[in-house]
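First the structure, in the form of C-alpha cells, and then the observations on it.
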Amino acid sequence: MADKRKAREVEDDDDIPGTSAEGPKQQAKAALAFKKKLKPDVKILASVTKFCQAAKDTEPETRTLADLNLANSCKEVVDLNTGSVVFEIEKSILAIAKSILSGNGFGYLVPSRSSANQLYVPELDRIVLKDKASFRQFANISSVRKTAITTRILQLVHQLCTKQIHVTKRDLFYTDVKLFQEQGQSDTILDDVSCMLGCTRSSLNVVASEKGVVVGRLVFVEDGDRIDCTKMGVGGKAIPPNIDKVQSMESDALFILLVEKDAAFMRLAEDRFYNRFPCVIITAKGQPDVATRLFLRKMKTDLKLPVLGLVDSDPYGLKILSVYMSGSKNMSYDSSNLTTPDIKWLGVRPSDLDKYKIPEQCRLPMSDQDIKTGKDLLNEDFIKKDKNWVKELELMVKTKEKAEIQALSSFGFQYLSEVYLPLKLQQEDWI
C-alpha cells in the first residue's frame, strides 16, 4: 500500500512544471542538440574574423549636426580644459554682477532638457538637444532655490578646476547637504551647469563612482600604468571614472561583447570566453553610467571593433542597449561623446525563447508596466529605424513573456559560454 501511495505521489509531481523527471532530461536533450550544431572553433573564428574586418573597413560617420542643416537649432557641448571652464564660469558671474549692480537682479539662462526639447537625428542615429531655454531667476519664488543651487555648483566647479582636482558626485553633494537636500538635486543641477557652460560633464572635474568593469583582450595605459585586462581575474578591471587618463589602447580582439548584467559578465570571465573567442567583455552592471559609455565609445573609435550586445529579453534590456547606441534623453546635450553607433543586438532576443527552447518555468510574465514600456519603445524613432528590432519588440509585447540571460543556465551553468554564444557567432545571428 505504501509503495502504491509513493508511486502516486511521483505521478502527481510529474504534473507540476519544473518537477517532472522528464523535465531535466528534455532540457539536457535540447542542450545536447544545440551543442551538436556547433562547428569547430576554427570555422566559427573564420566567420567572426570576416565580420571584424568588414567593421574595420567601414568608414565611420564623420558628419556633425552643423553639416546636416537641420530645421531645428540644436545645442551640443564639447570637451573644455580646466582653464576654459574657469573662464566661462567667471564670464557668467561677471554678467550676473553687472545685472545686480544695474538693479535687475540675477538669474541663469538654462537649456531645457525636457522630453519636448529632444530630437532624434536618424542621419547620426542619436538623440540631440534642441535650443529651447528658460530663465531661472533668483527673485522668483518658484526658482529661487534652484538658482541658489546653481550658483553654489558653479562656485564648487570653479574651485575644482582652479585646483585641478577631481571629486565624485557624492563628494560634491556632501559639501552642502542642507542646501542640496538630496543628491538627485545636485546631480540634476550639475548637468544644467554643464549645458549652460557648453562643456561635457567630465570637463567639470566631477565624476561618478566606479561602476563598470572590463575584461579580456585589451591593454591600455591609465595615468602612466600599463593595464592588461586578461590578468584581472573574474571581477575584471574597474573602468576608470577619468577616461581622459586612458591612453594607448591595444587589442587583438575580434569584437567587443557588451553585457547588461554582472552575473553574465562573471560567468564569461570565469570561463575565459575571451580566450576561446578573442574579445573584450564590458558591463555597466545594469543602467549605463557615463564612464562606461565613454570607455565603450573610445574602444570602438580607437580599435575599430564591432560591438555585440547581450541583454535580458525584456523592454528594459532593449532600452539599455539603445542608451549605449543613441543616447539618453537626460544627457542628450552630450550625445556626440557618449554614443556608440551600430551596436548589434546579439541576444537574448524574444525570438530566442522558442528557438532555443527556453523552459516555460524560466520565462516570466510581463507586468502591465513592462507592456507599457514595450509599447512606448515601439513609438520611439530610434527603435522604428530598424524593422528587425521592431519585429522582436512586437513579438515580446504580443507573447507578454520576458526572460533574463540567466534563463540559459537551466541547460547548465556554462551553457551561455559553451553553446549559446558560440552558436550565435557561428550563425552570425545578430541584428
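Each chain of the C-alpha cells is named A, B, ... in the order shown, its residues numbered from 1; ligands are numbered from 1 in display order.
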Q: Run DSSP on the backbone and give me the residues of region 77-273 of chain A it puts in strand (DSSP E or B), as a PyMOL selection string.
A: chain A and resi 78+107-111+118-121+126-130+133-137+167-168+199+206-207+213-216+219-222+225-228+237-238+246-250+255-259
(Q) According to DSSP computed on the backbone, where in region 11-209 of chain A is there alpha helix (DSSP H)? Give the residues as a ChimeraX atom specification. (A) /A:11-14,22-36,41-57,65-68,82-101,144-163,169-174,177-180,183-197
Using only C-alpha atoms, which residues of region 319-426 of chain A come within 8 Å of region 294-307 of chain A, and what is the closest atom pair for each, with the distance in Å to one decimal? Give it as CSV, sorted by chain and residue number.
```
residue,atom,partner,partner_atom,distance
A:Asn337,CA,A:Leu294,CA,6.9
A:Leu338,CA,A:Leu294,CA,5.4
A:Thr339,CA,A:Arg297,CA,6.5
A:Thr340,CA,A:Arg297,CA,5.1
A:Asp342,CA,A:Val307,CA,7.5
A:Ile343,CA,A:Val307,CA,5.1
A:Lys344,CA,A:Val307,CA,6.2
```
Q.
as a ChimeraX atom specification, please: the residues near region 111-126 of chain A (cut-off 9 Å, only C-alpha atoms, same-chain neighbours under 3 positions excluded).
A. /A:61,63-65,68,72,74-75,129-135,192,195-196,325-333,335-336,339,341-342,380-382,385
Write out as CSV a residue-level contact list of region 194-274 of chain A versus region 406-410 of chain A with cut-off 12 Å: for each qualifying residue the closest pair of atoms and the distance in Å to one decimal, counting only C-alpha atoms, rows sorted by chain and residue number upward.
```
residue,atom,partner,partner_atom,distance
A:Glu260,CA,A:Gln406,CA,11.4
A:Lys261,CA,A:Gln406,CA,9.6
A:Asp262,CA,A:Gln406,CA,10.9
A:Ala263,CA,A:Gln406,CA,7.9
A:Ala264,CA,A:Gln406,CA,7.2
A:Phe265,CA,A:Gln406,CA,11.0
A:Met266,CA,A:Gln406,CA,11.7
A:Arg267,CA,A:Gln406,CA,10.0
```
Could you write out that same residue set with all heavy atoms as a PDB file, in the first residue's frame?
```pdb
ATOM      1  N   GLU A 260      24.774  43.231 -20.312  1.00  0.00           N
ATOM      2  CA  GLU A 260      23.949  44.058 -19.427  1.00  0.00           C
ATOM      3  C   GLU A 260      24.282  43.848 -17.956  1.00  0.00           C
ATOM      4  O   GLU A 260      24.422  44.813 -17.204  1.00  0.00           O
ATOM      5  CB  GLU A 260      22.461  43.750 -19.652  1.00  0.00           C
ATOM      6  CG  GLU A 260      21.547  44.523 -18.710  1.00  0.00           C
ATOM      7  CD  GLU A 260      20.079  44.133 -18.827  1.00  0.00           C
ATOM      8  OE1 GLU A 260      19.702  43.423 -19.784  1.00  0.00           O
ATOM      9  OE2 GLU A 260      19.298  44.547 -17.959  1.00  0.00           O
ATOM     10  N   LYS A 261      24.433  42.591 -17.534  1.00  0.00           N
ATOM     11  CA  LYS A 261      24.488  42.299 -16.101  1.00  0.00           C
ATOM     12  C   LYS A 261      25.811  41.728 -15.637  1.00  0.00           C
ATOM     13  O   LYS A 261      26.543  41.081 -16.381  1.00  0.00           O
ATOM     14  CB  LYS A 261      23.357  41.331 -15.736  1.00  0.00           C
ATOM     15  CG  LYS A 261      21.979  41.975 -15.777  1.00  0.00           C
ATOM     16  CD  LYS A 261      20.936  40.987 -15.331  1.00  0.00           C
ATOM     17  CE  LYS A 261      19.583  41.644 -15.159  1.00  0.00           C
ATOM     18  NZ  LYS A 261      18.546  40.658 -14.790  1.00  0.00           N
ATOM     19  N   ASP A 262      26.076  41.952 -14.349  1.00  0.00           N
ATOM     20  CA  ASP A 262      27.307  41.496 -13.717  1.00  0.00           C
ATOM     21  C   ASP A 262      27.379  39.965 -13.671  1.00  0.00           C
ATOM     22  O   ASP A 262      28.455  39.393 -13.819  1.00  0.00           O
ATOM     23  CB  ASP A 262      27.379  42.088 -12.305  1.00  0.00           C
ATOM     24  CG  ASP A 262      28.743  41.887 -11.664  1.00  0.00           C
ATOM     25  OD1 ASP A 262      29.733  41.887 -12.402  1.00  0.00           O
ATOM     26  OD2 ASP A 262      28.807  41.730 -10.435  1.00  0.00           O
ATOM     27  N   ALA A 263      26.242  39.296 -13.436  1.00  0.00           N
ATOM     28  CA  ALA A 263      26.239  37.833 -13.312  1.00  0.00           C
ATOM     29  C   ALA A 263      26.719  37.165 -14.599  1.00  0.00           C
ATOM     30  O   ALA A 263      27.545  36.241 -14.563  1.00  0.00           O
ATOM     31  CB  ALA A 263      24.835  37.338 -12.947  1.00  0.00           C
ATOM     32  N   ALA A 264      26.215  37.633 -15.737  1.00  0.00           N
ATOM     33  CA  ALA A 264      26.635  37.074 -17.036  1.00  0.00           C
ATOM     34  C   ALA A 264      28.097  37.414 -17.307  1.00  0.00           C
ATOM     35  O   ALA A 264      28.852  36.595 -17.847  1.00  0.00           O
ATOM     36  CB  ALA A 264      25.746  37.614 -18.151  1.00  0.00           C
ATOM     37  N   PHE A 265      28.495  38.626 -16.916  1.00  0.00           N
ATOM     38  CA  PHE A 265      29.895  39.055 -17.088  1.00  0.00           C
ATOM     39  C   PHE A 265      30.830  38.110 -16.333  1.00  0.00           C
ATOM     40  O   PHE A 265      31.851  37.654 -16.870  1.00  0.00           O
ATOM     41  CB  PHE A 265      30.052  40.486 -16.583  1.00  0.00           C
ATOM     42  CG  PHE A 265      31.464  41.005 -16.609  1.00  0.00           C
ATOM     43  CD1 PHE A 265      31.961  41.663 -17.722  1.00  0.00           C
ATOM     44  CD2 PHE A 265      32.308  40.833 -15.520  1.00  0.00           C
ATOM     45  CE1 PHE A 265      33.268  42.144 -17.758  1.00  0.00           C
ATOM     46  CE2 PHE A 265      33.613  41.309 -15.536  1.00  0.00           C
ATOM     47  CZ  PHE A 265      34.093  41.953 -16.652  1.00  0.00           C
ATOM     48  N   MET A 266      30.493  37.817 -15.067  1.00  0.00           N
ATOM     49  CA  MET A 266      31.343  36.943 -14.242  1.00  0.00           C
ATOM     50  C   MET A 266      31.419  35.534 -14.799  1.00  0.00           C
ATOM     51  O   MET A 266      32.469  34.898 -14.764  1.00  0.00           O
ATOM     52  CB  MET A 266      30.830  36.927 -12.804  1.00  0.00           C
ATOM     53  CG  MET A 266      31.056  38.231 -12.059  1.00  0.00           C
ATOM     54  SD  MET A 266      30.435  38.192 -10.367  1.00  0.00           S
ATOM     55  CE  MET A 266      31.506  36.955  -9.639  1.00  0.00           C
ATOM     56  N   ARG A 267      30.284  35.044 -15.349  1.00  0.00           N
ATOM     57  CA  ARG A 267      30.274  33.708 -15.950  1.00  0.00           C
ATOM     58  C   ARG A 267      31.253  33.660 -17.125  1.00  0.00           C
ATOM     59  O   ARG A 267      32.053  32.727 -17.250  1.00  0.00           O
ATOM     60  CB  ARG A 267      28.856  33.374 -16.416  1.00  0.00           C
ATOM     61  CG  ARG A 267      28.658  32.112 -17.198  1.00  0.00           C
ATOM     62  CD  ARG A 267      28.655  30.874 -16.298  1.00  0.00           C
ATOM     63  NE  ARG A 267      29.984  30.383 -16.013  1.00  0.00           N
ATOM     64  CZ  ARG A 267      30.435  30.104 -14.790  1.00  0.00           C
ATOM     65  NH1 ARG A 267      29.692  30.287 -13.716  1.00  0.00           N
ATOM     66  NH2 ARG A 267      31.656  29.659 -14.611  1.00  0.00           N
TER      67      ARG A 267
END
```
Q) Which one of A:Asn205, A:Thr373, A:Thr230, A:Thr188 sits closest to Gln164 (chain A) if you count only C-alpha atoms? A)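 For Gln164 (chain A), the nearest of the given residues is A:Asn205.
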Q. Which residue, A:Ser194, A:Leu318, A:Asp223, A:Gln369, has the smallest gap to Val390 (chain A) when you use only C-alpha atoms?
A.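 Using only C-alpha atoms, Val390 (chain A) sits closest to A:Leu318.
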Q.
Need the shell around Val259 (chain A): protein/DNA/RNA residues with any atom at most 8 Å away, counting only C-alpha atoms. Skip same-chain ones fewer than 4 positions apart. Format as a ChimeraX atom specification?
A. /A:264-265,281-284,309-311
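Our summary of the geometry notes that CA of Leu364 (chain A) is positioned 28.9 Å from CA of Ile256 (chain A).
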Return as JSON lines the residues of region 308-340 of chain A lying at most 9 Å from region 399-402 of chain A, together with the closest atom-to-atom pair for each and the distance in Å to one decimal, counting only C-alpha atoms, with rows in chain order and ascending residue number.
```
{"residue": "A:Asp312", "atom": "CA", "partner": "A:Lys402", "partner_atom": "CA", "distance": 7.9}
{"residue": "A:Ser313", "atom": "CA", "partner": "A:Lys402", "partner_atom": "CA", "distance": 5.4}
{"residue": "A:Asp314", "atom": "CA", "partner": "A:Lys402", "partner_atom": "CA", "distance": 5.1}
{"residue": "A:Pro315", "atom": "CA", "partner": "A:Lys402", "partner_atom": "CA", "distance": 8.5}
```
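Distance-wise, CA of Ser73 (chain A) and CA of Arg136 (chain A) end up 21.1 Å apart.
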Q. Distance CA of Gln137 (chain A)-CA of Thr162 (chain A), one decimal place?
A. 27.0 Å
What are the nearest atom pairs, with distances in Å to one decimal, for all residues of region 200-257 of chain A that come at most 12 Å from region 84-103 of chain A, using only C-alpha atoms, set out by chain and rising residue number as a Markdown table?
```
| residue | atom | partner | partner_atom | distance |
| --- | --- | --- | --- | --- |
| A:Thr200 | CA | A:Val85 | CA | 10.1 |
| A:Arg201 | CA | A:Val85 | CA | 10.8 |
| A:Ser202 | CA | A:Val85 | CA | 11.0 |
| A:Ser203 | CA | A:Val85 | CA | 7.4 |
| A:Leu204 | CA | A:Val85 | CA | 7.2 |
| A:Asn205 | CA | A:Val85 | CA | 9.9 |
```
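Proximity to Lys37 (chain A) was assessed for A:Trp430, A:Asp176, A:Lys424, A:Asn140 counting only C-alpha atoms; the smallest distance is recorded for A:Lys424.
For the residues A:Gln159, A:Ser248, A:Asn104, A:Ser351, ranking by smallest atom-to-atom distance to Ala139 (chain A) using only C-alpha atoms places A:Asn104 first.
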Q. Which residues, written as a ChimeraX atom specification, have at least one atom at most 9 Å from Trp389 (chain A), with only C-alpha atoms counted and residues fewer than 6 positions away on the same chain left out?
A. /A:318,345,383,431
